[in-house]
Structure formats: structure tokens, C-alpha cells
$ cat start.cif   # mmCIF, C-alpha atoms
data_model
#
loop_
_atom_site.label_atom_id
_atom_site.label_comp_id
_atom_site.auth_asym_id
_atom_site.auth_seq_id
_atom_site.Cartn_x
_atom_site.Cartn_y
_atom_site.Cartn_z
CA MET C 24 98.53 -103.55 158.33
CA THR C 25 97.51 -106.96 159.58
CA ALA C 26 99.93 -108.46 162.06
CA ARG C 27 100.90 -112.04 161.30
CA ARG C 28 102.60 -113.11 164.47
CA PHE C 29 101.35 -116.70 164.41
CA ARG C 30 101.81 -119.10 161.50
CA LEU C 31 101.23 -122.74 160.66
CA GLY C 32 104.15 -124.33 158.81
CA GLU C 33 104.14 -127.21 156.35
CA GLU C 34 107.93 -127.06 156.10
CA PRO C 35 110.69 -127.29 158.74
CA ILE C 36 110.90 -124.17 160.91
CA ASP C 37 113.99 -122.07 160.20
CA VAL C 38 114.63 -120.37 163.54
CA ALA C 39 117.44 -118.20 162.17
CA ALA C 40 115.03 -116.83 159.57
CA GLU C 41 112.26 -116.21 162.12
CA ARG C 42 114.30 -114.48 164.82
CA PRO C 43 114.94 -111.13 163.03
CA ALA C 44 111.20 -110.37 163.23
CA LEU C 45 111.84 -109.78 166.93
CA ASP C 46 114.61 -107.21 166.42
CA HIS C 47 114.02 -103.97 168.26
CA ALA C 48 116.50 -101.29 169.30
CA ALA C 49 114.93 -101.09 172.79
CA ALA C 50 115.05 -104.86 173.36
CA GLY C 51 117.81 -106.15 175.61
CA ALA C 52 116.49 -109.70 175.85
CA TYR C 53 115.28 -112.50 173.61
CA ALA C 54 113.72 -115.69 174.96
CA SER C 55 112.58 -118.61 172.87
CA PHE C 56 110.95 -121.98 173.31
CA GLU C 57 111.38 -124.95 171.00
CA GLY C 58 109.04 -127.92 171.29
CA TRP C 59 110.61 -131.08 169.84
CA VAL C 60 109.11 -134.42 168.90
CA ARG C 61 110.25 -136.93 171.54
CA ASP C 62 110.47 -140.67 171.18
CA HIS C 63 108.14 -141.55 174.03
CA ASN C 64 104.89 -140.42 175.62
CA ASP C 65 102.94 -141.78 178.53
CA GLY C 66 105.15 -144.87 178.73
CA ARG C 67 104.87 -145.73 175.04
CA SER C 68 107.56 -145.66 172.38
CA VAL C 69 106.73 -143.09 169.68
CA ARG C 70 107.97 -143.50 166.10
CA GLN C 71 106.57 -140.35 164.44
CA LEU C 72 103.55 -138.10 164.65
CA ASP C 73 101.09 -136.08 162.64
CA TYR C 74 99.78 -132.64 163.54
CA GLN C 75 96.42 -131.64 162.15
CA ALA C 76 95.01 -128.11 162.44
CA TYR C 77 91.72 -126.39 161.72
CA PRO C 78 93.59 -123.67 159.86
CA ALA C 79 91.08 -120.80 159.82
CA LEU C 80 90.51 -120.94 163.55
CA ALA C 81 94.05 -121.95 164.51
CA LEU C 82 95.45 -118.87 162.78
CA ALA C 83 92.87 -116.58 164.37
CA GLU C 84 93.33 -118.04 167.85
CA GLY C 85 97.14 -118.06 167.59
CA GLU C 86 97.10 -114.44 166.46
CA ALA C 87 94.81 -113.55 169.38
CA ILE C 88 97.17 -115.22 171.88
CA LEU C 89 100.19 -113.29 170.60
CA ALA C 90 98.26 -110.01 170.61
CA GLU C 91 97.21 -110.73 174.19
CA ALA C 92 100.83 -111.45 175.12
CA VAL C 93 102.00 -108.14 173.68
CA ALA C 94 99.26 -106.31 175.60
CA ARG C 95 99.78 -108.24 178.83
CA PHE C 96 103.57 -108.35 179.16
CA ARG C 97 106.18 -105.65 178.63
CA VAL C 98 107.50 -107.14 175.42
CA ARG C 99 108.56 -105.57 172.14
CA GLU C 100 107.53 -108.36 169.79
CA ALA C 101 106.38 -111.99 169.85
CA ARG C 102 106.12 -114.70 167.22
CA CYS C 103 105.08 -118.36 167.04
CA VAL C 104 105.26 -120.99 164.30
CA HIS C 105 103.59 -124.40 164.70
CA ARG C 106 104.19 -127.30 162.33
CA VAL C 107 101.43 -129.32 160.72
CA GLY C 108 101.75 -132.61 158.88
CA ARG C 109 104.07 -135.54 159.55
CA LEU C 110 107.04 -135.05 161.88
CA ALA C 111 109.89 -137.34 162.87
CA ILE C 112 111.61 -137.78 166.23
CA GLY C 113 113.73 -134.71 166.99
CA ASP C 114 111.86 -132.40 164.61
CA LEU C 115 111.01 -128.92 165.78
CA ALA C 116 107.23 -128.93 166.25
CA VAL C 117 106.69 -125.44 167.65
CA TRP C 118 108.80 -122.33 168.11
CA VAL C 119 108.01 -119.26 170.23
CA GLY C 120 110.19 -116.15 170.24
CA VAL C 121 109.83 -113.03 172.35
CA SER C 122 111.89 -109.85 172.59
CA ALA C 123 111.66 -107.48 175.54
CA ASP C 124 113.63 -104.73 177.21
CA HIS C 125 114.47 -107.09 180.09
CA ARG C 126 114.85 -110.85 180.43
CA GLY C 127 112.15 -111.38 183.07
CA ASP C 128 109.39 -110.17 180.79
CA ALA C 129 110.80 -112.15 177.84
CA PHE C 130 110.87 -115.42 179.82
CA GLU C 131 107.44 -114.90 181.35
CA ALA C 132 105.75 -114.00 178.06
CA CYS C 133 107.39 -116.92 176.26
CA ARG C 134 106.16 -119.38 178.88
CA TRP C 135 102.67 -117.88 178.83
CA ILE C 136 102.44 -118.04 175.03
CA ILE C 137 103.37 -121.72 174.72
CA ASP C 138 100.98 -122.64 177.53
CA GLU C 139 98.11 -120.76 175.87
CA VAL C 140 98.91 -122.21 172.43
CA LYS C 141 98.78 -125.73 173.86
CA ARG C 142 95.53 -124.99 175.68
CA ARG C 143 93.58 -123.05 173.05
CA VAL C 144 94.77 -123.43 169.45
CA PRO C 145 92.87 -126.09 167.45
CA ILE C 146 95.78 -128.38 166.59
CA TRP C 147 95.78 -132.11 167.30
CA LYS C 148 98.59 -134.62 167.61
CA ASN C 149 98.35 -138.18 166.33
CA GLU C 150 101.11 -140.34 167.78
CA HIS C 151 102.32 -143.38 165.87
CA TYR C 152 103.71 -145.96 168.26
CA ALA C 153 106.46 -148.50 167.80
CA ASP C 154 103.92 -151.32 168.11
CA GLY C 155 102.10 -150.05 164.99
CA GLU C 156 99.14 -148.49 166.80
CA SER C 157 98.33 -144.81 166.62
CA GLY C 158 96.07 -142.46 168.47
CA TRP C 159 94.90 -138.87 168.58
CA LEU C 160 95.66 -137.16 171.86
CA HIS C 161 92.72 -135.42 173.50
CA PRO C 162 93.95 -134.42 176.96
CA THR C 163 91.35 -134.03 179.66
CA MET M 357 68.57 -126.48 155.94
CA ASN M 358 71.98 -127.48 154.64
CA LEU M 359 74.91 -127.21 157.02
CA LYS M 360 78.55 -127.97 156.28
CA LEU M 361 80.41 -129.87 158.98
CA LEU M 362 84.15 -130.35 159.31
CA TYR M 363 85.62 -133.12 161.44
CA PHE M 364 89.09 -133.28 162.96
CA ALA M 365 91.30 -135.77 164.77
CA SER M 366 89.43 -138.63 166.46
CA LEU M 367 86.05 -137.27 165.39
CA ALA M 368 87.15 -137.49 161.74
CA ASP M 369 88.38 -141.05 162.30
CA ARG M 370 85.14 -142.02 163.97
CA ALA M 371 82.94 -140.38 161.30
CA GLY M 372 85.12 -141.79 158.52
CA ARG M 373 85.21 -138.38 156.84
CA SER M 374 86.67 -134.93 157.27
CA GLU M 375 83.64 -133.02 156.02
CA GLU M 376 80.06 -133.42 154.95
CA THR M 377 76.99 -131.40 154.06
CA ARG M 378 73.93 -132.37 156.10
CA ASP M 379 70.32 -131.41 155.66
CA SER M 380 69.41 -130.92 159.30
CA ALA M 381 66.57 -129.50 161.34
CA ALA M 382 68.99 -128.62 164.16
CA ARG M 383 68.58 -125.02 165.28
CA THR M 384 71.71 -124.88 167.45
CA PRO M 385 75.11 -126.62 167.64
CA ARG M 386 73.80 -128.42 170.72
CA GLU M 387 70.99 -130.02 168.71
CA LEU M 388 73.29 -130.73 165.79
CA TYR M 389 75.83 -132.49 168.01
CA VAL M 390 73.14 -134.76 169.46
CA GLU M 391 72.21 -135.66 165.89
CA VAL M 392 75.70 -136.43 164.57
CA ALA M 393 76.88 -138.08 167.79
CA ALA M 394 74.02 -140.56 167.37
CA VAL M 395 74.85 -141.14 163.70
CA TYR M 396 78.58 -141.75 164.21
CA GLY M 397 78.70 -142.88 167.82
CA PHE M 398 80.88 -140.02 169.06
CA ALA M 399 81.91 -140.75 172.63
CA PHE M 400 82.60 -137.16 173.68
CA THR M 401 79.92 -135.41 175.68
CA ALA M 402 79.35 -131.83 174.53
CA ASP M 403 80.96 -130.41 177.67
CA ARG M 404 84.35 -131.76 176.51
CA LEU M 405 84.08 -130.07 173.11
CA ARG M 406 84.16 -126.51 171.84
CA VAL M 407 82.14 -125.45 168.82
CA ALA M 408 82.96 -123.06 165.99
CA VAL M 409 80.66 -121.64 163.32
CA ASN M 410 82.11 -120.02 160.21
CA GLY M 411 85.61 -119.98 161.68
CA ALA M 412 84.84 -118.44 165.09
CA PHE M 413 84.08 -119.96 168.49
CA VAL M 414 80.40 -119.73 169.44
CA GLY M 415 78.21 -120.90 172.30
CA TRP M 416 76.24 -124.14 172.14
CA ASP M 417 72.95 -122.24 171.79
CA HIS M 418 74.11 -120.09 168.87
CA ALA M 419 71.39 -119.85 166.18
CA LEU M 420 72.46 -121.77 163.09
CA GLY M 421 71.73 -120.47 159.60
CA ALA M 422 71.60 -122.14 156.20
CA GLY M 423 75.05 -122.76 154.77
CA ASP M 424 76.87 -122.36 158.08
CA GLU M 425 80.16 -124.24 158.50
CA VAL M 426 80.04 -125.99 161.87
CA VAL M 427 82.98 -127.64 163.61
CA PHE M 428 82.95 -129.60 166.86
CA LEU M 429 86.44 -129.32 168.34
CA PRO M 430 87.73 -132.14 170.53
CA PRO M 431 90.31 -131.29 173.24
CA VAL M 432 93.41 -129.92 171.54
CA SER M 433 96.94 -131.33 171.75
CA GLY M 434 99.28 -129.00 169.89
CA GLY M 435 102.70 -127.97 171.17
#
$ encode --input "start.cif" --output "C-alpha cells"
Amino acid sequence: MTARRFRLGEEPIDVAAERPALDHAAAGAYASFEGWVRDHNDGRSVRQLDYQAYPALALAEGEAILAEAVARFRVREARCVHRVGRLAIGDLAVWVGVSADHRGDAFEACRWIIDEVKRRVPIWKNEHYADGESGWLHPT
Amino acid sequence: MNLKLLYFASLADRAGRSEETRDSAARTPRELYVEVAAVYGFAFTADRLRVAVNGAFVGWDHALGAGDEVVFLPPVSGG
């Protein structure tokens, strides 16, 4: 069986539908992170944005991150969904969910996963600004 | 030999395309990047990019083969 813990989503993320994948009788804690599209970045007013992914590698790298999280932290299950395509202000761009026996491990793993996803997974954000300009973000 | 290249984000904007097939004498991604950076005027130096061949990360001196799919990945900004 191939684990599919990481997905790219063309449609809005339904957190209520995702969360049951984390159910485990031994889990006493669930931690999640939601990344939302905000209306400003780096002093500029943002109107909307596009996420573009290199799907083959994004899926492989995302899956690797979640497998590493399960091996590295005392968690029962972990999942992540990242949106691609055009998003509006307030949209859910990325969701991470982790279940664990205890809350400390759930929080730690959740934080680690989102940090690694942002650092490693080939997904790029194009911000469309209120002044009509747009630009791909390539953080140094 | 023919190589397939995919471009993403600002590299796609700069190249004016998201993919192409190139007949190239480049033996490694390092040589290929020098070639396409000159063609399209890519501003990134190779040390700011990662490179993938056939859907997996590789080193800059990886030996390229005919038909390989090569992607130069600019710094990512998901999340």
C-alpha cells in the first residue's frame, strides 16, 4: 500500500473531510496548521495569488517530508494538503494535521512539517498586487 | 541529444514558455543551465537553484541522457 499523506488540491480544502484520516485509538491529541491568503505582504497590498507546483516532484517531496515526520516524532498520523491555482484573500492555502498520543509531539511535528514544506516542496507563489503588478516570490 | 526542459515561476516568465525540447550538447545540468541562462537571460546563479532530472533531485554534475526531463527549480515559496 502506498501512503498518500501529501496532496496537491485544485479545489478548496475541506478540513472536516481530511481530519478523520488522523483518527487513531491511541491518539489523545490533534494539532493542525492552516495557512491563509493574507491581503498584504512585504508592505504591499495583495489582491489574489496563484500557486504553481511541479507536481511530480512536489508530491514526492511532500510525501517524503510526512514520512520523515512520522519517523522523527512520536505521532500516529500526519497529513498535508496544499492548494494550487488561483486563490483569493482568506482562502485556505495549506493545511497540516497531526495526531499523536500527547499534545507536545503533535504541536512539534505540525510546526516541523509546515516549515519543511515551505522550505523544500517545489511550489511557487505569484502575488497579484492592488497596483496591478504581480511577481513570483523566490525567497533568499 | 534531445532534452526536455520544464520551466516554472519566474523562469517560465523569463523564458516565455513552460516547456521545450532542446537539442543540446550539454553533458550535465550545470552545462545545460549555462546554455539556457544565456539564451533567456536568467538572472539566477546556479547556486540559488536546485535541479531535478526525471522527477527527482540530482546534483549539478549528474550525467544527462537522451530524452531526460530536466527542471531548474528557483527558490520555492509555498505555504
$ closest_residue --input "start.cif" --among "C:Ile36, C:Leu72, C:Ala90, C:Val140" --to "chain M" --atoms "only C-alpha atoms"
C:Val140
$ resolve_selection --input "start.cif" --expression "the PyMOL selection byres ((chain M) within 12 of (chain C))" --output "PyMOL selection string"
chain M and resi 362-370+374-375+400+403-414+425-435
$ atom_distance --input "start.cif" --atom1 "atom CA of Ala48 of chain C" --atom2 "atom CA of His125 of chain C"
12.4 Å
$ residues_around --input "start.cif" --residues "Ala39 of chain C" --least-positions-apart "6" --cutoff "12 Å" --atoms "all atoms listed in the file" --output "list in words"
Leu45, Ser55, Trp118 and Gly120 of chain C
$ resolve_selection --input "start.cif" --expression "the PyMOL selection byres ((chain C and resi 89) around 12)" --output "PDB file with C-alpha atoms, keeping the file's coordinate frame"
ATOM      1  CA  ALA C  26      99.930-108.460 162.060  1.00  0.00           C
ATOM      2  CA  ARG C  27     100.900-112.040 161.300  1.00  0.00           C
ATOM      3  CA  ARG C  28     102.600-113.110 164.470  1.00  0.00           C
ATOM      4  CA  PHE C  29     101.350-116.700 164.410  1.00  0.00           C
ATOM      5  CA  ARG C  30     101.810-119.100 161.500  1.00  0.00           C
ATOM      6  CA  LEU C  82      95.450-118.870 162.780  1.00  0.00           C
ATOM      7  CA  ALA C  83      92.870-116.580 164.370  1.00  0.00           C
ATOM      8  CA  GLU C  84      93.330-118.040 167.850  1.00  0.00           C
ATOM      9  CA  GLY C  85      97.140-118.060 167.590  1.00  0.00           C
ATOM     10  CA  GLU C  86      97.100-114.440 166.460  1.00  0.00           C
ATOM     11  CA  ALA C  87      94.810-113.550 169.380  1.00  0.00           C
ATOM     12  CA  ILE C  88      97.170-115.220 171.880  1.00  0.00           C
ATOM     13  CA  ALA C  90      98.260-110.010 170.610  1.00  0.00           C
ATOM     14  CA  GLU C  91      97.210-110.730 174.190  1.00  0.00           C
ATOM     15  CA  ALA C  92     100.830-111.450 175.120  1.00  0.00           C
ATOM     16  CA  VAL C  93     102.000-108.140 173.680  1.00  0.00           C
ATOM     17  CA  ALA C  94      99.260-106.310 175.600  1.00  0.00           C
ATOM     18  CA  ARG C  95      99.780-108.240 178.830  1.00  0.00           C
ATOM     19  CA  PHE C  96     103.570-108.350 179.160  1.00  0.00           C
ATOM     20  CA  VAL C  98     107.500-107.140 175.420  1.00  0.00           C
ATOM     21  CA  ARG C  99     108.560-105.570 172.140  1.00  0.00           C
ATOM     22  CA  GLU C 100     107.530-108.360 169.790  1.00  0.00           C
ATOM     23  CA  ALA C 101     106.380-111.990 169.850  1.00  0.00           C
ATOM     24  CA  ARG C 102     106.120-114.700 167.220  1.00  0.00           C
ATOM     25  CA  CYS C 103     105.080-118.360 167.040  1.00  0.00           C
ATOM     26  CA  VAL C 104     105.260-120.990 164.300  1.00  0.00           C
ATOM     27  CA  VAL C 119     108.010-119.260 170.230  1.00  0.00           C
ATOM     28  CA  GLY C 120     110.190-116.150 170.240  1.00  0.00           C
ATOM     29  CA  VAL C 121     109.830-113.030 172.350  1.00  0.00           C
ATOM     30  CA  ALA C 132     105.750-114.000 178.060  1.00  0.00           C
ATOM     31  CA  CYS C 133     107.390-116.920 176.260  1.00  0.00           C
ATOM     32  CA  ARG C 134     106.160-119.380 178.880  1.00  0.00           C
ATOM     33  CA  TRP C 135     102.670-117.880 178.830  1.00  0.00           C
ATOM     34  CA  ILE C 136     102.440-118.040 175.030  1.00  0.00           C
ATOM     35  CA  ILE C 137     103.370-121.720 174.720  1.00  0.00           C
ATOM     36  CA  ASP C 138     100.980-122.640 177.530  1.00  0.00           C
ATOM     37  CA  GLU C 139      98.110-120.760 175.870  1.00  0.00           C
ATOM     38  CA  VAL C 140      98.910-122.210 172.430  1.00  0.00           C
ATOM     39  CA  VAL C 144      94.770-123.430 169.450  1.00  0.00           C
TER      40      VAL C 144
END
$ atom_distance --input "start.cif" --atom1 "atom CA of Phe56 of chain C" --atom2 "atom CA of Glu41 of chain C"
12.7 Å
$ atom_distance --input "start.cif" --atom1 "atom CA of Val69 of chain C" --atom2 "atom CA of Arg373 of chain M"
25.5 Å
$ closest_residue --input "start.cif" --among "M:Ala393, M:Leu359, M:Ala422, M:Ala402" --to "Asp379 of chain M" --atoms "only C-alpha atoms"
M:Leu359
$ closest_residue --input "start.cif" --among "C:Gly155, C:Gly108, C:Gly127, C:Gly51" --to "Gly32 of chain C" --atoms "all atoms listed in the file"
C:Gly108
$ decode --input "start.cif" --residues "segment 72-84 of chain C" --atoms "N, CA and C atoms" --output "PDB file, in the first residue's frame"
ATOM      1  N   LEU C  72      -3.688  35.533  -5.372  1.00  0.00           N
ATOM      2  CA  LEU C  72      -2.419  34.922  -5.760  1.00  0.00           C
ATOM      3  C   LEU C  72      -2.628  33.599  -6.471  1.00  0.00           C
ATOM      4  N   ASP C  73      -1.568  33.204  -7.168  1.00  0.00           N
ATOM      5  CA  ASP C  73      -1.551  31.915  -7.857  1.00  0.00           C
ATOM      6  C   ASP C  73      -0.452  31.057  -7.249  1.00  0.00           C
ATOM      7  N   TYR C  74      -0.773  29.781  -7.027  1.00  0.00           N
ATOM      8  CA  TYR C  74       0.262  28.821  -6.652  1.00  0.00           C
ATOM      9  C   TYR C  74       0.503  27.901  -7.836  1.00  0.00           C
ATOM     10  N   GLN C  75       1.770  27.722  -8.160  1.00  0.00           N
ATOM     11  CA  GLN C  75       2.149  26.797  -9.218  1.00  0.00           C
ATOM     12  C   GLN C  75       3.049  25.734  -8.608  1.00  0.00           C
ATOM     13  N   ALA C  76       2.853  24.483  -8.996  1.00  0.00           N
ATOM     14  CA  ALA C  76       3.680  23.391  -8.475  1.00  0.00           C
ATOM     15  C   ALA C  76       4.298  22.619  -9.629  1.00  0.00           C
ATOM     16  N   TYR C  77       5.423  21.985  -9.353  1.00  0.00           N
ATOM     17  CA  TYR C  77       5.962  20.950 -10.244  1.00  0.00           C
ATOM     18  C   TYR C  77       5.433  19.644  -9.664  1.00  0.00           C
ATOM     19  N   PRO C  78       4.287  19.173 -10.188  1.00  0.00           N
ATOM     20  CA  PRO C  78       3.527  18.149  -9.454  1.00  0.00           C
ATOM     21  C   PRO C  78       4.301  16.879  -9.122  1.00  0.00           C
ATOM     22  N   ALA C  79       5.021  16.323 -10.097  1.00  0.00           N
ATOM     23  CA  ALA C  79       5.687  15.035  -9.841  1.00  0.00           C
ATOM     24  C   ALA C  79       6.622  15.137  -8.632  1.00  0.00           C
ATOM     25  N   LEU C  80       7.399  16.202  -8.614  1.00  0.00           N
ATOM     26  CA  LEU C  80       8.385  16.331  -7.547  1.00  0.00           C
ATOM     27  C   LEU C  80       7.757  16.872  -6.259  1.00  0.00           C
ATOM     28  N   ALA C  81       6.760  17.714  -6.382  1.00  0.00           N
ATOM     29  CA  ALA C  81       6.089  18.245  -5.186  1.00  0.00           C
ATOM     30  C   ALA C  81       5.436  17.100  -4.400  1.00  0.00           C
ATOM     31  N   LEU C  82       4.795  16.194  -5.119  1.00  0.00           N
ATOM     32  CA  LEU C  82       4.135  15.074  -4.439  1.00  0.00           C
ATOM     33  C   LEU C  82       5.167  14.167  -3.775  1.00  0.00           C
ATOM     34  N   ALA C  83       6.265  13.901  -4.479  1.00  0.00           N
ATOM     35  CA  ALA C  83       7.298  13.024  -3.915  1.00  0.00           C
ATOM     36  C   ALA C  83       7.957  13.675  -2.702  1.00  0.00           C
ATOM     37  N   GLU C  84       8.246  14.963  -2.801  1.00  0.00           N
ATOM     38  CA  GLU C  84       8.935  15.648  -1.705  1.00  0.00           C
ATOM     39  C   GLU C  84       8.003  15.825  -0.504  1.00  0.00           C
TER      40      GLU C  84
END
